[in-house]
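Novice: Input structure.cif, format and content: mmCIF, C-alpha atoms.
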data_start
loop_
_atom_site.label_atom_id
_atom_site.label_comp_id
_atom_site.auth_asym_id
_atom_site.auth_seq_id
_atom_site.Cartn_x
_atom_site.Cartn_y
_atom_site.Cartn_z
CA MET M 218 12.69 54.56 92.04
CA THR M 219 16.18 54.62 90.57
CA LYS M 220 17.02 53.89 86.96
CA VAL M 221 19.77 51.40 86.09
CA VAL M 222 21.00 49.76 82.88
CA LEU M 223 20.50 46.05 82.28
CA ILE M 224 22.31 44.17 79.48
CA THR M 225 20.81 40.79 78.67
CA LYS M 226 22.76 37.67 77.76
CA ALA M 227 21.98 38.33 74.07
CA GLY M 228 23.52 41.82 74.33
CA THR M 229 20.31 43.88 74.44
CA VAL M 230 20.58 47.15 76.42
CA LYS M 231 17.56 48.13 78.55
CA THR M 232 16.63 50.77 81.10
CA GLU M 233 15.28 49.20 84.31
CA THR M 234 14.19 50.62 87.64
CA ILE M 235 14.90 49.62 91.22
CA LYS M 236 12.43 50.65 93.88
CA LYS M 237 15.00 50.89 96.64
CA VAL M 238 18.69 50.49 95.85
CA ASN M 239 20.63 47.96 97.87
CA VAL M 240 24.07 47.39 96.34
CA ALA M 241 24.34 44.02 98.08
CA GLU M 242 21.16 42.83 96.35
CA LEU M 243 21.77 44.05 92.80
CA TYR M 244 22.05 40.42 91.69
CA LYS M 245 18.26 40.07 92.09
CA LYS M 246 17.71 42.56 89.25
CA CYS M 247 19.59 40.13 87.02
CA LYS M 248 17.26 37.35 88.24
CA TYR M 249 19.87 35.41 90.12
CA ARG M 250 18.69 33.50 93.20
CA LYS M 251 22.05 33.80 94.94
CA PRO M 252 24.75 36.48 95.01
CA ASP M 253 27.49 33.91 94.40
CA ASP M 254 30.21 35.32 92.12
CA PHE M 255 28.08 38.38 91.31
CA LYS M 256 30.18 41.48 92.00
CA LYS M 257 31.57 44.71 90.65
CA ARG M 258 33.99 44.13 87.74
CA HIS M 259 35.13 47.65 86.89
CA THR M 260 34.41 51.34 87.50
CA TRP M 261 34.84 54.17 84.96
CA LYS M 262 34.75 57.90 85.67
CA TYR M 263 32.38 60.00 83.55
CA ASN M 264 31.58 63.73 83.95
CA ASN M 265 32.41 63.88 87.68
CA LYS M 266 30.42 60.71 88.30
CA TRP M 267 31.25 57.03 88.29
CA VAL M 268 29.87 54.10 86.34
CA SER M 269 30.25 50.52 87.56
CA VAL M 270 29.40 47.18 85.97
CA TYR M 271 28.29 44.12 87.97
CA SER M 272 28.32 40.59 86.61
CA LYS M 273 29.31 36.95 87.05
CA ASP M 274 32.47 35.52 85.49
CA THR M 275 31.42 31.89 85.93
CA GLY M 276 28.46 30.09 84.44
CA ARG M 277 27.16 27.30 82.28
CA ALA M 278 28.20 26.75 78.68
CA ASN M 279 26.20 28.76 76.12
CA SER M 280 25.22 31.32 78.76
CA GLU M 281 28.07 33.72 77.92
CA ASN M 282 27.09 37.38 77.61
CA LYS M 283 27.57 38.56 74.02
CA TYR M 284 27.89 42.28 74.75
CA ASP M 285 31.24 43.97 74.04
CA LEU M 286 32.25 45.94 77.12
CA PRO M 287 34.71 48.85 76.93
CA PRO M 288 38.40 48.50 77.92
CA PRO M 289 40.01 47.35 80.10
CA ILE M 290 37.50 44.49 80.49
CA ASP M 291 36.79 44.10 76.76
CA LYS M 292 38.67 40.75 76.74
CA ASP M 293 37.00 39.31 79.82
CA LEU M 294 34.22 36.74 79.63
CA TYR M 295 31.01 37.14 81.67
CA PHE M 296 27.84 35.09 81.98
CA GLY M 297 24.16 35.88 82.11
CA SER M 298 22.87 39.44 82.48
CA LEU M 299 25.00 42.46 83.38
CA LEU M 300 23.94 45.42 85.54
CA ILE M 301 25.44 48.92 85.20
CA ILE M 302 24.85 51.71 87.71
CA MET M 303 25.93 55.34 88.07
CA HIS M 304 27.00 56.73 91.44
CA ASN M 305 28.37 59.97 92.85
CA ASN M 306 31.50 58.54 94.53
CA GLU M 307 34.05 56.06 93.30
CA THR M 308 32.89 53.46 95.80
CA PRO M 309 29.19 52.83 95.23
CA ALA M 310 26.88 53.05 98.21
CA ASP M 311 23.16 52.64 98.47
CA LYS M 312 22.38 56.34 98.77
CA GLU M 313 25.04 57.33 96.23
CA VAL M 314 23.43 55.51 93.29
CA CYS M 315 21.75 57.96 90.87
CA ASP M 316 19.54 57.63 87.80
CA PHE M 317 21.24 56.05 84.82
CA ASP M 318 19.44 55.14 81.58
CA LYS M 319 20.23 53.49 78.25
CA GLU M 320 20.80 56.79 76.37
CA THR M 321 23.36 57.99 78.93
CA TRP M 322 25.14 54.65 78.91
CA LEU M 323 25.51 54.77 75.12
CA LYS M 324 27.22 58.17 75.45
CA VAL M 325 29.54 56.75 78.10
CA TYR M 326 30.13 53.69 75.93
CA GLU M 327 31.12 55.83 72.94
CA LYS M 328 33.51 57.94 74.99
CA LEU M 329 35.15 54.88 76.56
CA PHE M 330 35.78 53.48 73.08
CA GLY M 331 37.44 56.75 72.05
CA GLY M 332 34.58 58.18 69.98
CA PHE M 333 34.49 55.45 67.34
CA ASP M 334 31.84 57.37 65.36
CA ASP M 335 34.29 60.21 64.77
CA LEU M 336 36.96 57.74 63.76
CA CYS M 337 34.65 56.22 61.15
CA GLU M 338 33.90 59.64 59.67
CA GLU M 339 37.60 60.48 59.43
CA GLU M 340 38.27 57.15 57.73
CA GLU M 341 35.54 57.78 55.15
CA GLU M 342 36.95 61.21 54.38
CA SER M 343 40.48 59.86 53.97
CA GLU M 344 39.30 57.07 51.65
CA GLU M 345 37.31 59.45 49.45
CA GLU M 346 38.93 59.73 46.05
CA VAL M 347 40.15 63.18 44.98
CA ILE M 348 39.46 63.63 41.25
CA PRO M 349 41.52 66.23 39.33
CA GLU M 350 39.36 68.88 37.67
CA HIS M 351 40.57 68.04 34.14
CA PHE M 352 39.51 64.39 34.67
CA LYS M 353 36.11 65.24 36.18
CA THR M 354 32.89 64.95 34.14
CA LYS M 355 29.87 67.22 34.50
CA GLU M 356 28.31 64.63 36.82
CA GLY M 357 31.44 64.57 39.04
CA TYR M 358 32.75 61.16 37.94
CA SER M 359 36.33 60.42 36.96
CA LYS M 360 37.08 59.79 33.29
CA GLU M 361 40.76 59.12 33.96
CA ASP M 362 40.40 55.39 33.25
CA GLY M 363 38.81 56.07 29.86
CA PHE M 364 35.51 54.31 30.60
CA ILE M 365 33.51 57.47 31.30
CA VAL M 366 33.32 60.43 28.92
CA ASP M 367 31.28 63.60 28.82
CA GLU M 368 28.20 63.62 26.62
CA ASP M 369 29.80 66.37 24.52
CA GLU M 370 32.84 64.17 23.90
CA GLU M 371 30.94 61.06 22.83
CA GLU M 372 31.95 59.99 19.33
CA VAL M 373 29.34 58.87 16.83
CA ASP M 374 30.07 55.56 15.19
CA GLU M 375 29.68 56.25 11.47
CA ASP M 376 29.53 52.53 10.70
CA TYR M 377 26.52 52.02 12.94
CA ILE M 378 23.17 51.68 11.18
CA CYS M 379 19.83 51.59 12.97
CA PRO M 380 18.12 48.23 12.52
CA SER M 381 15.08 49.71 10.70
CA GLU M 382 17.25 51.68 8.28
CA GLY M 383 19.71 48.84 7.93
CA GLU M 384 17.12 46.46 6.50
CA GLU M 385 16.16 48.89 3.72
CA SER M 386 19.78 49.69 2.97
CA LEU M 387 20.58 46.00 2.77
CA VAL M 388 17.90 45.41 0.13
CA ASP M 389 19.02 48.38 -1.98
CA THR M 390 22.63 47.31 -1.76
CA GLU M 391 21.89 43.76 -2.83
CA SER M 392 19.80 44.85 -5.82
CA GLY M 393 22.47 47.34 -6.85
CA ASP M 394 25.13 44.65 -6.68
CA GLU M 395 23.08 42.39 -8.91
CA GLU M 396 22.76 45.12 -11.55
CA ASP M 397 26.47 45.80 -11.42
CA ASP M 398 27.23 42.10 -11.85
CA GLU M 399 24.89 41.84 -14.87
CA ALA M 400 26.47 44.87 -16.44
CA LYS M 401 29.96 43.55 -15.77
CA TYR M 402 29.51 39.90 -16.67
CA GLY M 403 26.65 40.10 -19.16
CA GLY M 404 23.92 38.88 -16.86
CA GLU M 405 21.06 36.80 -18.31
CA THR M 406 20.25 36.97 -22.08
CA THR M 407 16.62 37.77 -22.93
CA ASP M 408 14.65 36.46 -25.95
CA ASP M 409 14.75 39.85 -27.69
CA GLU M 410 18.51 39.98 -27.40
CA LEU M 411 18.79 36.48 -28.96
CA ASN M 412 16.59 37.50 -31.93
CA ASP M 413 18.74 40.57 -32.54
CA GLU M 414 21.92 38.48 -32.54
CA GLU M 415 20.42 35.95 -35.04
CA ALA M 416 19.36 38.77 -37.35
CA VAL M 417 22.88 40.14 -37.38
CA GLU M 418 24.33 36.72 -38.22
CA GLU M 419 21.86 36.26 -41.13
CA GLU M 420 22.72 39.66 -42.47
CA GLU M 421 26.42 38.83 -42.41
CA ASP M 422 25.76 35.60 -44.36
CA SER M 423 23.63 37.28 -47.09
CA ASP M 424 25.09 38.15 -50.54
CA ASP M 425 24.23 41.81 -50.06
CA TYR M 426 26.71 42.05 -47.27
CA PRO M 427 29.68 44.10 -48.59
CA ALA M 428 32.72 42.03 -49.45
CA SER M 429 35.88 42.59 -47.65
CA GLU M 430 38.05 45.30 -49.06
CA LEU M 431 40.81 42.74 -49.45
CA SER M 432 39.96 40.10 -52.03
CA GLU M 433 42.03 37.20 -53.33
CA GLU M 434 43.21 39.28 -56.23
CA ASP M 435 44.84 41.71 -53.91
CA TYR M 436 47.08 38.99 -52.53
CA SER M 437 50.22 38.36 -54.52
CA TYR M 438 51.91 35.11 -54.27
#
Let me see the structure of the file written as structure tokens.
Specialist:
Amino acid sequence: MTKVVLITKAGTVKTETIKKVNVAELYKKCKYRKPDDFKKRHTWKYNNKWVSVYSKDTGRANSENKYDLPPPIDKDLYFGSLLIIMHNNETPADKEVCDFDKETWLKVYEKLFGGFDDLCEEEEESEEEVIPEHFKTKEGYSKEDGFIVDEDEEEVDEDYICPSEGEESLVDTESGDEEDDEAKYGGETTDDELNDEEAVEEEEDSDDYPASELSEEDYSY
């Protein structure tokens, strides 16, 4: 039993086994009835071994294989399932084919693409924003744009009044304003105040009210 890698039309990678390897009959593992157009497309070298991919480059519409193969065949179009084998010599032979599973192929795949995982990590590091210490908050955020401030630097709005306190303050303020207006403009006149004013007028009209210091005799004509 020899392990090989099968890639389905949908792009799913699987580890399959072949009881007895016959390079001329690899097409059967991809469930083709005939070997027509099924052949080796490319061979890569990996750790003193070789990896070859077999496929068909003709087929019916909508049967295109969706898997992205490494360069230099990354632009080529293939149909149906693909089969990938590992062998000890550059030219694959029946007895030269060795075990090759999905995990090993993914390592080969990464290396053939130039270690794209490492490239992603480097890109993330380069895009990471460097915040100057004097613009950094305790939590590590940047306050350079003015939207974030430290808790110690938060200003208290003196004009802000809590809703519960504000209602009481509003009532006191309104009542105080009414008293000030009454004091300033006289406000409403009560019955007692009217009686006092009438008493004063009657007293002024009575004969006992002292005459003015200036009488008619004091005027000279």
Novice: Using only C-alpha atoms, pick whichever of M:Val325, M:Val268, M:Asp316, M:Tyr284 has the shortest atom-to-atom distance to M:Lys236.
Specialist: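 Closest candidate: M:Asp316.
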Novice: Would you translate the PyMOL selection byres ((chain M and resi 247) around 8) into the concrete set of residues it matches in this file, as a list in words?
Specialist: Leu223, Leu243, Tyr244, Lys245, Lys246, Lys248, Tyr249, Gly297, Ser298, Leu299 and Leu300 of chain M
Novice: Take the residues from that selection and write them out as a PDB file, keeping the file's coordinate frame, keeping C-alpha atoms.
Specialist:
ATOM      1  CA  LEU M 223      20.500  46.050  82.280  1.00  0.00           C
ATOM      2  CA  LEU M 243      21.770  44.050  92.800  1.00  0.00           C
ATOM      3  CA  TYR M 244      22.050  40.420  91.690  1.00  0.00           C
ATOM      4  CA  LYS M 245      18.260  40.070  92.090  1.00  0.00           C
ATOM      5  CA  LYS M 246      17.710  42.560  89.250  1.00  0.00           C
ATOM      6  CA  LYS M 248      17.260  37.350  88.240  1.00  0.00           C
ATOM      7  CA  TYR M 249      19.870  35.410  90.120  1.00  0.00           C
ATOM      8  CA  GLY M 297      24.160  35.880  82.110  1.00  0.00           C
ATOM      9  CA  SER M 298      22.870  39.440  82.480  1.00  0.00           C
ATOM     10  CA  LEU M 299      25.000  42.460  83.380  1.00  0.00           C
ATOM     11  CA  LEU M 300      23.940  45.420  85.540  1.00  0.00           C
TER      12      LEU M 300
END
Novice: Between atom CA of M:Met218 and atom CA of M:Glu233, what is the spacing in Å?
Specialist: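 It comes out at 9.8 Å.
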Novice: Calculate how many Å separate atom CA of M:Glu313 from atom CA of M:Lys292, rounding to one decimal.
Specialist: 29.0 Å
Novice: Could you please determine the separation between atom CA of M:Pro289 and atom CA of M:Lys262 in Å, to one decimal place?
Specialist: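 These atoms are spaced 13.0 Å apart.
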